[in-house]
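Text of coords19.csv (CSV, N, CA, C and O atoms) as supplied:
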chain,number,residue,atom,x,y,z
E,450,VAL,N,10.0,-13.5,-9.0
E,450,VAL,CA,9.7,-12.6,-10.1
E,450,VAL,C,8.2,-12.8,-10.4
E,450,VAL,O,7.8,-13.9,-10.6
E,451,VAL,N,7.5,-11.7,-10.5
E,451,VAL,CA,6.1,-11.7,-10.9
E,451,VAL,C,6.1,-10.9,-12.2
E,451,VAL,O,6.5,-9.7,-12.2
E,452,ILE,N,5.6,-11.5,-13.2
E,452,ILE,CA,5.5,-10.8,-14.5
E,452,ILE,C,4.1,-10.3,-14.7
E,452,ILE,O,3.1,-11.1,-14.8
E,453,GLY,N,3.9,-9.0,-14.8
E,453,GLY,CA,2.6,-8.4,-15.0
E,453,GLY,C,2.0,-7.9,-13.7
E,453,GLY,O,1.9,-8.5,-12.7
E,454,GLY,N,1.5,-6.6,-13.8
E,454,GLY,CA,1.0,-5.9,-12.7
E,454,GLY,C,-0.5,-5.7,-12.8
E,454,GLY,O,-1.0,-4.7,-12.3
E,455,GLY,N,-1.2,-6.6,-13.4
E,455,GLY,CA,-2.7,-6.6,-13.4
E,455,GLY,C,-3.2,-7.1,-12.1
E,455,GLY,O,-2.5,-7.3,-11.1
E,456,TYR,N,-4.5,-7.5,-12.2
E,456,TYR,CA,-5.2,-8.1,-11.0
E,456,TYR,C,-4.4,-9.3,-10.5
E,456,TYR,O,-4.2,-9.4,-9.3
E,457,GLY,N,-4.1,-10.2,-11.4
E,457,GLY,CA,-3.4,-11.5,-11.0
E,457,GLY,C,-2.1,-11.2,-10.4
E,457,GLY,O,-1.7,-11.8,-9.3
E,458,GLY,N,-1.3,-10.4,-11.1
E,458,GLY,CA,0.1,-10.1,-10.6
E,458,GLY,C,0.1,-9.4,-9.2
E,458,GLY,O,0.9,-9.8,-8.4
E,459,VAL,N,-0.8,-8.5,-9.0
E,459,VAL,CA,-0.8,-7.8,-7.7
E,459,VAL,C,-1.3,-8.7,-6.6
E,459,VAL,O,-0.8,-8.7,-5.5
E,460,GLU,N,-2.2,-9.6,-6.9
E,460,GLU,CA,-2.7,-10.6,-5.9
E,460,GLU,C,-1.5,-11.6,-5.6
E,460,GLU,O,-1.3,-11.9,-4.4
E,461,VAL,N,-0.8,-12.0,-6.6
E,461,VAL,CA,0.4,-12.9,-6.3
E,461,VAL,C,1.4,-12.1,-5.4
E,461,VAL,O,1.9,-12.7,-4.5
E,462,LEU,N,1.7,-10.9,-5.7
E,462,LEU,CA,2.6,-10.1,-4.9
E,462,LEU,C,2.1,-10.0,-3.4
E,462,LEU,O,2.9,-10.3,-2.5
E,463,ARG,N,0.8,-9.7,-3.3
E,463,ARG,CA,0.2,-9.7,-1.9
E,463,ARG,C,0.4,-11.0,-1.2
E,463,ARG,O,0.8,-11.0,0.0
E,464,ARG,N,0.1,-12.1,-1.8
E,464,ARG,CA,0.2,-13.4,-1.2
E,464,ARG,C,1.7,-13.7,-0.9
E,464,ARG,O,1.9,-14.3,0.2
E,465,LEU,N,2.6,-13.4,-1.8
E,465,LEU,CA,4.0,-13.7,-1.5
E,465,LEU,C,4.5,-12.9,-0.3
E,465,LEU,O,5.2,-13.4,0.6
E,466,VAL,N,4.1,-11.6,-0.2
E,466,VAL,CA,4.6,-10.8,0.9
E,466,VAL,C,4.0,-11.3,2.2
E,466,VAL,O,4.6,-11.4,3.2
E,467,LYS,N,2.7,-11.7,2.1
E,467,LYS,CA,2.0,-12.1,3.3
E,467,LYS,C,2.5,-13.4,3.9
E,467,LYS,O,2.6,-13.6,5.1
E,468,THR,N,2.9,-14.4,3.0
E,468,THR,CA,3.1,-15.7,3.4
E,468,THR,C,4.6,-16.1,3.4
E,468,THR,O,5.0,-17.1,4.1
E,469,THR,N,5.5,-15.5,2.6
E,469,THR,CA,6.8,-16.0,2.5
E,469,THR,C,7.9,-15.1,3.0
E,469,THR,O,8.9,-15.6,3.5
E,470,GLY,N,7.8,-13.8,2.9
E,470,GLY,CA,8.8,-12.9,3.3
E,470,GLY,C,10.0,-12.9,2.4
E,470,GLY,O,11.1,-12.3,2.7
E,471,VAL,N,9.9,-13.4,1.2
E,471,VAL,CA,11.0,-13.4,0.2
E,471,VAL,C,11.0,-12.1,-0.5
E,471,VAL,O,10.0,-11.3,-0.6
E,472,ASP,N,12.1,-11.7,-1.1
E,472,ASP,CA,12.2,-10.6,-2.0
E,472,ASP,C,11.5,-10.9,-3.3
E,472,ASP,O,11.6,-11.9,-3.9
E,473,VAL,N,10.7,-9.9,-3.7
E,473,VAL,CA,9.9,-10.1,-4.9
E,473,VAL,C,10.1,-8.9,-5.9
E,473,VAL,O,10.2,-7.8,-5.5
E,474,THR,N,10.3,-9.3,-7.2
E,474,THR,CA,10.4,-8.2,-8.2
E,474,THR,C,9.2,-8.3,-9.2
E,474,THR,O,8.9,-9.4,-9.7
E,475,LEU,N,8.5,-7.2,-9.3
E,475,LEU,CA,7.4,-7.1,-10.3
E,475,LEU,C,8.0,-6.5,-11.6
E,475,LEU,O,8.6,-5.5,-11.6
E,476,VAL,N,7.8,-7.2,-12.7
E,476,VAL,CA,8.1,-6.7,-14.0
E,476,VAL,C,6.9,-6.3,-14.7
E,476,VAL,O,6.0,-7.1,-15.0
E,477,GLU,N,6.7,-5.0,-14.8
E,477,GLU,CA,5.5,-4.4,-15.4
E,477,GLU,C,5.9,-3.1,-16.1
E,477,GLU,O,6.4,-2.2,-15.3
E,478,PRO,N,5.7,-2.9,-17.4
E,478,PRO,CA,6.1,-1.6,-18.0
E,478,PRO,C,5.3,-0.4,-17.6
E,478,PRO,O,5.7,0.7,-17.7
E,479,LYS,N,4.0,-0.7,-17.2
E,479,LYS,CA,3.2,0.4,-16.8
E,479,LYS,C,3.4,0.9,-15.4
E,479,LYS,O,4.0,0.1,-14.6
E,480,ASP,N,3.0,2.1,-15.0
E,480,ASP,CA,3.2,2.6,-13.7
E,480,ASP,C,1.9,2.6,-12.9
E,480,ASP,O,1.8,3.0,-11.7
E,481,ALA,N,0.8,2.0,-13.4
E,481,ALA,CA,-0.5,2.0,-12.7
E,481,ALA,C,-1.3,0.7,-13.0
E,481,ALA,O,-1.1,0.1,-14.1
E,482,LEU,N,-2.1,0.3,-12.1
E,482,LEU,CA,-3.1,-0.8,-12.3
E,482,LEU,C,-4.4,-0.1,-12.7
E,482,LEU,O,-4.9,0.8,-12.0
E,483,PHE,N,-4.9,-0.5,-13.8
E,483,PHE,CA,-6.2,0.0,-14.3
E,483,PHE,C,-7.3,-0.9,-13.8
E,483,PHE,O,-7.3,-2.1,-14.1
E,484,LEU,N,-8.3,-0.4,-13.0
E,484,LEU,CA,-9.4,-1.1,-12.5
E,484,LEU,C,-10.5,-1.2,-13.6
E,484,LEU,O,-11.4,-0.4,-13.6
E,485,SER,N,-10.3,-2.2,-14.4
E,485,SER,CA,-11.2,-2.3,-15.6
E,485,SER,C,-12.7,-2.5,-15.3
E,485,SER,O,-13.5,-2.1,-16.1
E,486,VAL,N,-13.0,-3.0,-14.1
E,486,VAL,CA,-14.4,-3.1,-13.7
E,486,VAL,C,-15.1,-1.8,-13.6
E,486,VAL,O,-16.3,-1.6,-13.7
E,487,ALA,N,-14.3,-0.7,-13.4
E,487,ALA,CA,-14.8,0.6,-13.3
E,487,ALA,C,-15.0,1.3,-14.6
E,487,ALA,O,-15.5,2.4,-14.7
E,488,ALA,N,-14.5,0.7,-15.7
E,488,ALA,CA,-14.4,1.4,-17.0
E,488,ALA,C,-15.8,1.9,-17.5
E,488,ALA,O,-15.9,3.0,-17.9
E,489,PRO,N,-16.9,1.1,-17.4
E,489,PRO,CA,-18.1,1.6,-18.0
E,489,PRO,C,-18.6,2.9,-17.2
E,489,PRO,O,-19.0,3.8,-17.9
E,490,ARG,N,-18.5,2.8,-15.9
E,490,ARG,CA,-19.0,4.0,-15.2
E,490,ARG,C,-18.0,5.2,-15.3
E,490,ARG,O,-18.4,6.4,-15.3
E,491,ALA,N,-16.7,4.9,-15.5
E,491,ALA,CA,-15.7,5.9,-15.7
E,491,ALA,C,-16.0,6.7,-16.9
E,491,ALA,O,-15.5,7.9,-17.0
E,492,LEU,N,-16.7,6.2,-17.9
E,492,LEU,CA,-17.0,6.9,-19.1
E,492,LEU,C,-17.8,8.1,-18.9
E,492,LEU,O,-17.8,9.1,-19.6
E,493,VAL,N,-18.6,8.1,-17.8
E,493,VAL,CA,-19.6,9.2,-17.5
E,493,VAL,C,-19.3,9.9,-16.2
E,493,VAL,O,-19.9,10.9,-15.9
E,494,ASP,N,-18.3,9.4,-15.5
E,494,ASP,CA,-17.9,10.0,-14.2
E,494,ASP,C,-16.4,10.3,-14.2
E,494,ASP,O,-15.6,9.4,-14.0
E,495,GLU,N,-16.1,11.6,-14.4
E,495,GLU,CA,-14.7,12.0,-14.6
E,495,GLU,C,-13.8,11.6,-13.3
E,495,GLU,O,-12.7,11.2,-13.4
E,496,GLU,N,-14.4,11.9,-12.2
E,496,GLU,CA,-13.7,11.6,-10.9
E,496,GLU,C,-13.4,10.1,-10.8
E,496,GLU,O,-12.3,9.7,-10.4
E,497,LEU,N,-14.3,9.2,-11.2
E,497,LEU,CA,-14.1,7.8,-11.1
E,497,LEU,C,-13.0,7.4,-12.2
E,497,LEU,O,-12.2,6.5,-12.0
E,498,ALA,N,-13.0,8.1,-13.3
E,498,ALA,CA,-12.1,7.8,-14.4
E,498,ALA,C,-10.6,8.0,-13.8
E,498,ALA,O,-9.7,7.2,-14.1
E,499,ILE,N,-10.5,9.0,-13.0
E,499,ILE,CA,-9.1,9.3,-12.4
E,499,ILE,C,-8.8,8.2,-11.4
E,499,ILE,O,-7.7,7.7,-11.3
E,500,GLN,N,-9.8,7.8,-10.6
E,500,GLN,CA,-9.6,6.8,-9.5
E,500,GLN,C,-9.4,5.4,-10.1
E,500,GLN,O,-9.0,4.5,-9.4
E,501,ALA,N,-9.8,5.2,-11.3
E,501,ALA,CA,-9.7,3.8,-11.9
E,501,ALA,C,-8.3,3.4,-12.2
E,501,ALA,O,-8.0,2.3,-12.4
E,502,PHE,N,-7.3,4.4,-12.1
E,502,PHE,CA,-5.9,4.1,-12.2
E,502,PHE,C,-5.3,4.2,-10.9
E,502,PHE,O,-5.2,5.3,-10.3
E,503,VAL,N,-4.8,3.1,-10.4
E,503,VAL,CA,-4.1,3.0,-9.1
E,503,VAL,C,-2.6,2.9,-9.3
E,503,VAL,O,-2.1,2.0,-9.9
E,504,PRO,N,-1.9,3.9,-8.9
E,504,PRO,CA,-0.4,3.9,-9.1
E,504,PRO,C,0.2,2.7,-8.4
E,504,PRO,O,-0.1,2.4,-7.3
E,505,LEU,N,1.1,2.0,-9.2
E,505,LEU,CA,1.8,0.8,-8.6
E,505,LEU,C,2.6,1.2,-7.4
E,505,LEU,O,2.9,0.5,-6.5
E,506,THR,N,3.1,2.5,-7.4
E,506,THR,CA,3.9,3.0,-6.3
E,506,THR,C,3.1,2.9,-5.0
E,506,THR,O,3.7,2.6,-3.9
E,507,GLU,N,1.8,3.2,-5.0
E,507,GLU,CA,1.0,3.1,-3.8
E,507,GLU,C,0.8,1.6,-3.4
E,507,GLU,O,0.9,1.3,-2.2
E,508,ILE,N,0.6,0.8,-4.3
E,508,ILE,CA,0.4,-0.6,-4.0
E,508,ILE,C,1.7,-1.2,-3.4
E,508,ILE,O,1.7,-1.9,-2.4
E,509,LEU,N,2.8,-0.9,-4.0
E,509,LEU,CA,4.1,-1.4,-3.5
E,509,LEU,C,4.4,-0.8,-2.2
E,509,LEU,O,5.0,-1.5,-1.3
E,510,ALA,N,4.1,0.4,-1.9
E,510,ALA,CA,4.4,1.1,-0.6
E,510,ALA,C,3.6,0.3,0.4
E,510,ALA,O,4.1,0.1,1.5
E,511,SER,N,2.3,0.0,0.1
E,511,SER,CA,1.5,-0.8,1.1
E,511,SER,C,2.1,-2.1,1.4
E,511,SER,O,2.1,-2.5,2.5
E,512,LEU,N,2.6,-2.8,0.4
E,512,LEU,CA,3.2,-4.1,0.6
E,512,LEU,C,4.5,-4.0,1.4
E,512,LEU,O,4.8,-4.8,2.2
E,513,ARG,N,5.3,-2.9,1.1
E,513,ARG,CA,6.5,-2.7,1.9
E,513,ARG,C,6.2,-2.5,3.3
E,513,ARG,O,7.0,-2.9,4.2
E,514,ALA,N,5.1,-1.8,3.6
E,514,ALA,CA,4.7,-1.5,5.0
E,514,ALA,C,4.4,-2.8,5.7
E,514,ALA,O,4.4,-2.8,6.9
E,515,GLN,N,4.1,-3.8,5.0
E,515,GLN,CA,3.8,-5.1,5.6
E,515,GLN,C,5.1,-6.0,5.6
E,515,GLN,O,5.0,-7.2,5.7
E,516,ASN,N,6.2,-5.3,5.6
E,516,ASN,CA,7.5,-6.0,5.7
E,516,ASN,C,7.9,-6.8,4.4
E,516,ASN,O,8.6,-7.7,4.5
E,517,GLY,N,7.3,-6.3,3.3
E,517,GLY,CA,7.6,-7.0,2.1
E,517,GLY,C,8.8,-6.2,1.4
E,517,GLY,O,8.8,-5.0,1.3
E,518,ASN,N,9.7,-7.0,0.8
E,518,ASN,CA,10.8,-6.4,0.0
E,518,ASN,C,10.4,-6.5,-1.4
E,518,ASN,O,10.6,-7.6,-2.0
E,519,VAL,N,9.8,-5.5,-2.0
E,519,VAL,CA,9.2,-5.6,-3.3
E,519,VAL,C,9.8,-4.4,-4.1
E,519,VAL,O,9.9,-3.3,-3.7
E,520,ARG,N,10.2,-4.8,-5.4
E,520,ARG,CA,10.7,-3.7,-6.3
E,520,ARG,C,10.0,-3.8,-7.6
E,520,ARG,O,9.5,-4.9,-8.0
E,521,HIS,N,10.0,-2.7,-8.3
E,521,HIS,CA,9.2,-2.7,-9.6
E,521,HIS,C,10.2,-2.4,-10.7
E,521,HIS,O,10.9,-1.4,-10.7
E,522,VAL,N,10.3,-3.2,-11.7
E,522,VAL,CA,11.1,-3.0,-12.9
E,522,VAL,C,10.2,-2.7,-14.1
E,522,VAL,O,9.3,-3.5,-14.4
E,523,ARG,N,10.3,-1.5,-14.6
E,523,ARG,CA,9.4,-1.1,-15.7
E,523,ARG,C,10.0,-1.5,-17.0
E,523,ARG,O,10.6,-0.7,-17.7
E,524,ARG,N,9.8,-2.7,-17.4
E,524,ARG,CA,10.4,-3.3,-18.6
E,524,ARG,C,9.4,-4.3,-19.2
E,524,ARG,O,8.5,-4.8,-18.5
E,525,PHE,N,9.5,-4.6,-20.5
E,525,PHE,CA,8.8,-5.6,-21.2
E,525,PHE,C,9.7,-6.9,-21.1
E,525,PHE,O,10.9,-6.8,-21.3
E,526,VAL,N,9.1,-8.0,-20.9
E,526,VAL,CA,9.8,-9.3,-20.9
E,526,VAL,C,9.8,-9.8,-22.3
E,526,VAL,O,8.8,-9.9,-23.0
E,527,SER,N,11.0,-10.2,-22.8
E,527,SER,CA,11.2,-10.7,-24.1
E,527,SER,C,11.3,-12.2,-24.2
E,527,SER,O,11.0,-12.8,-25.2
E,528,GLU,N,11.8,-12.8,-23.1
E,528,GLU,CA,12.0,-14.2,-23.1
E,528,GLU,C,12.0,-14.7,-21.6
E,528,GLU,O,12.5,-14.0,-20.7
E,529,ILE,N,11.5,-15.9,-21.4
E,529,ILE,CA,11.6,-16.6,-20.1
E,529,ILE,C,12.3,-18.0,-20.4
E,529,ILE,O,11.8,-18.7,-21.2
E,530,ASP,N,13.4,-18.2,-19.7
E,530,ASP,CA,14.1,-19.5,-19.8
E,530,ASP,C,13.9,-20.2,-18.5
E,530,ASP,O,14.5,-20.0,-17.4
E,531,LEU,N,13.0,-21.2,-18.5
E,531,LEU,CA,12.6,-21.9,-17.3
E,531,LEU,C,13.7,-22.8,-16.8
E,531,LEU,O,13.9,-23.0,-15.6
E,532,THR,N,14.5,-23.4,-17.8
E,532,THR,CA,15.6,-24.2,-17.4
E,532,THR,C,16.7,-23.5,-16.6
E,532,THR,O,17.1,-24.0,-15.5
E,533,ARG,N,17.0,-22.3,-17.0
E,533,ARG,CA,18.0,-21.5,-16.3
E,533,ARG,C,17.4,-20.6,-15.2
E,533,ARG,O,18.1,-19.9,-14.5
E,534,ARG,N,16.1,-20.5,-15.2
E,534,ARG,CA,15.3,-19.7,-14.3
E,534,ARG,C,15.7,-18.2,-14.5
E,534,ARG,O,16.0,-17.5,-13.5
E,535,MET,N,15.7,-17.8,-15.7
E,535,MET,CA,16.0,-16.4,-16.1
E,535,MET,C,14.9,-15.7,-16.8
E,535,MET,O,14.2,-16.4,-17.6
E,536,VAL,N,14.8,-14.4,-16.6
E,536,VAL,CA,13.8,-13.6,-17.3
E,536,VAL,C,14.6,-12.6,-18.1
E,536,VAL,O,15.5,-11.9,-17.5
E,537,TYR,N,14.4,-12.4,-19.4
E,537,TYR,CA,15.1,-11.5,-20.2
E,537,TYR,C,14.3,-10.3,-20.6
E,537,TYR,O,13.1,-10.5,-20.9
E,538,PHE,N,14.9,-9.2,-20.7
E,538,PHE,CA,14.2,-7.9,-21.1
E,538,PHE,C,14.6,-7.6,-22.5
E,538,PHE,O,15.6,-7.8,-23.0
Take the structure in the file and give it back as structure tokens.
Amino acid sequence: VVIGGGYGGVEVLRRLVKTTGVDVTLVEPKDALFLSVAAPRALVDEELAIQAFVPLTEILASLRAQNGNVRHVRRFVSEIDLTRRMVYF
């Protein structure tokens, strides 16, 4: 389980798919990754503003094409129980 679909979460997904072959679940309430480094320029460039949002469906499709079994759960995490290894919504 990877919690959060920002830069770090997407990188963890990529590395897990590349190196382990395990099933991975991304828990992220949003449907897109916002490329925040593009934000200042996106203020003055409408086309870049649109491109600054990368749909998670595209990222996950790319990972699946690399033989990754990845799914996206659009929820907020309310609790993590490390002892039981459970994530609660």
Excluding stretch 528-537 of chain E and residues on its chain fewer than 5 positions from it, collect all residues at most 10 Å away from it, counting only C-alpha atoms, and give them as a list in words. Val450, Ile452 and Val476 of chain E
Distance in Å - atom N of E:Gln500 versus atom C of E:Thr474: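 Computed distance, atom N of E:Gln500 to atom C of E:Thr474, equals 24.9 Å.
What separates atom N of E:Gln515 from atom CA of E:Glu460 is a distance of 14.5 Å.
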Need to verify the contact set: E:Gly470, 9 Å, only C-alpha atoms, exclusion of same-chain residues closer than 2 positions in sequence. Can you return it as an NGL selection string? :E and (465-468 or 472-473 or 516-518)
Residue list (strand (DSSP E or B), DSSP) for chain E, as number ranges by chain: E: 451-452, 473-476, 481-483, 502-504, 519-522, 528-530, 535-537
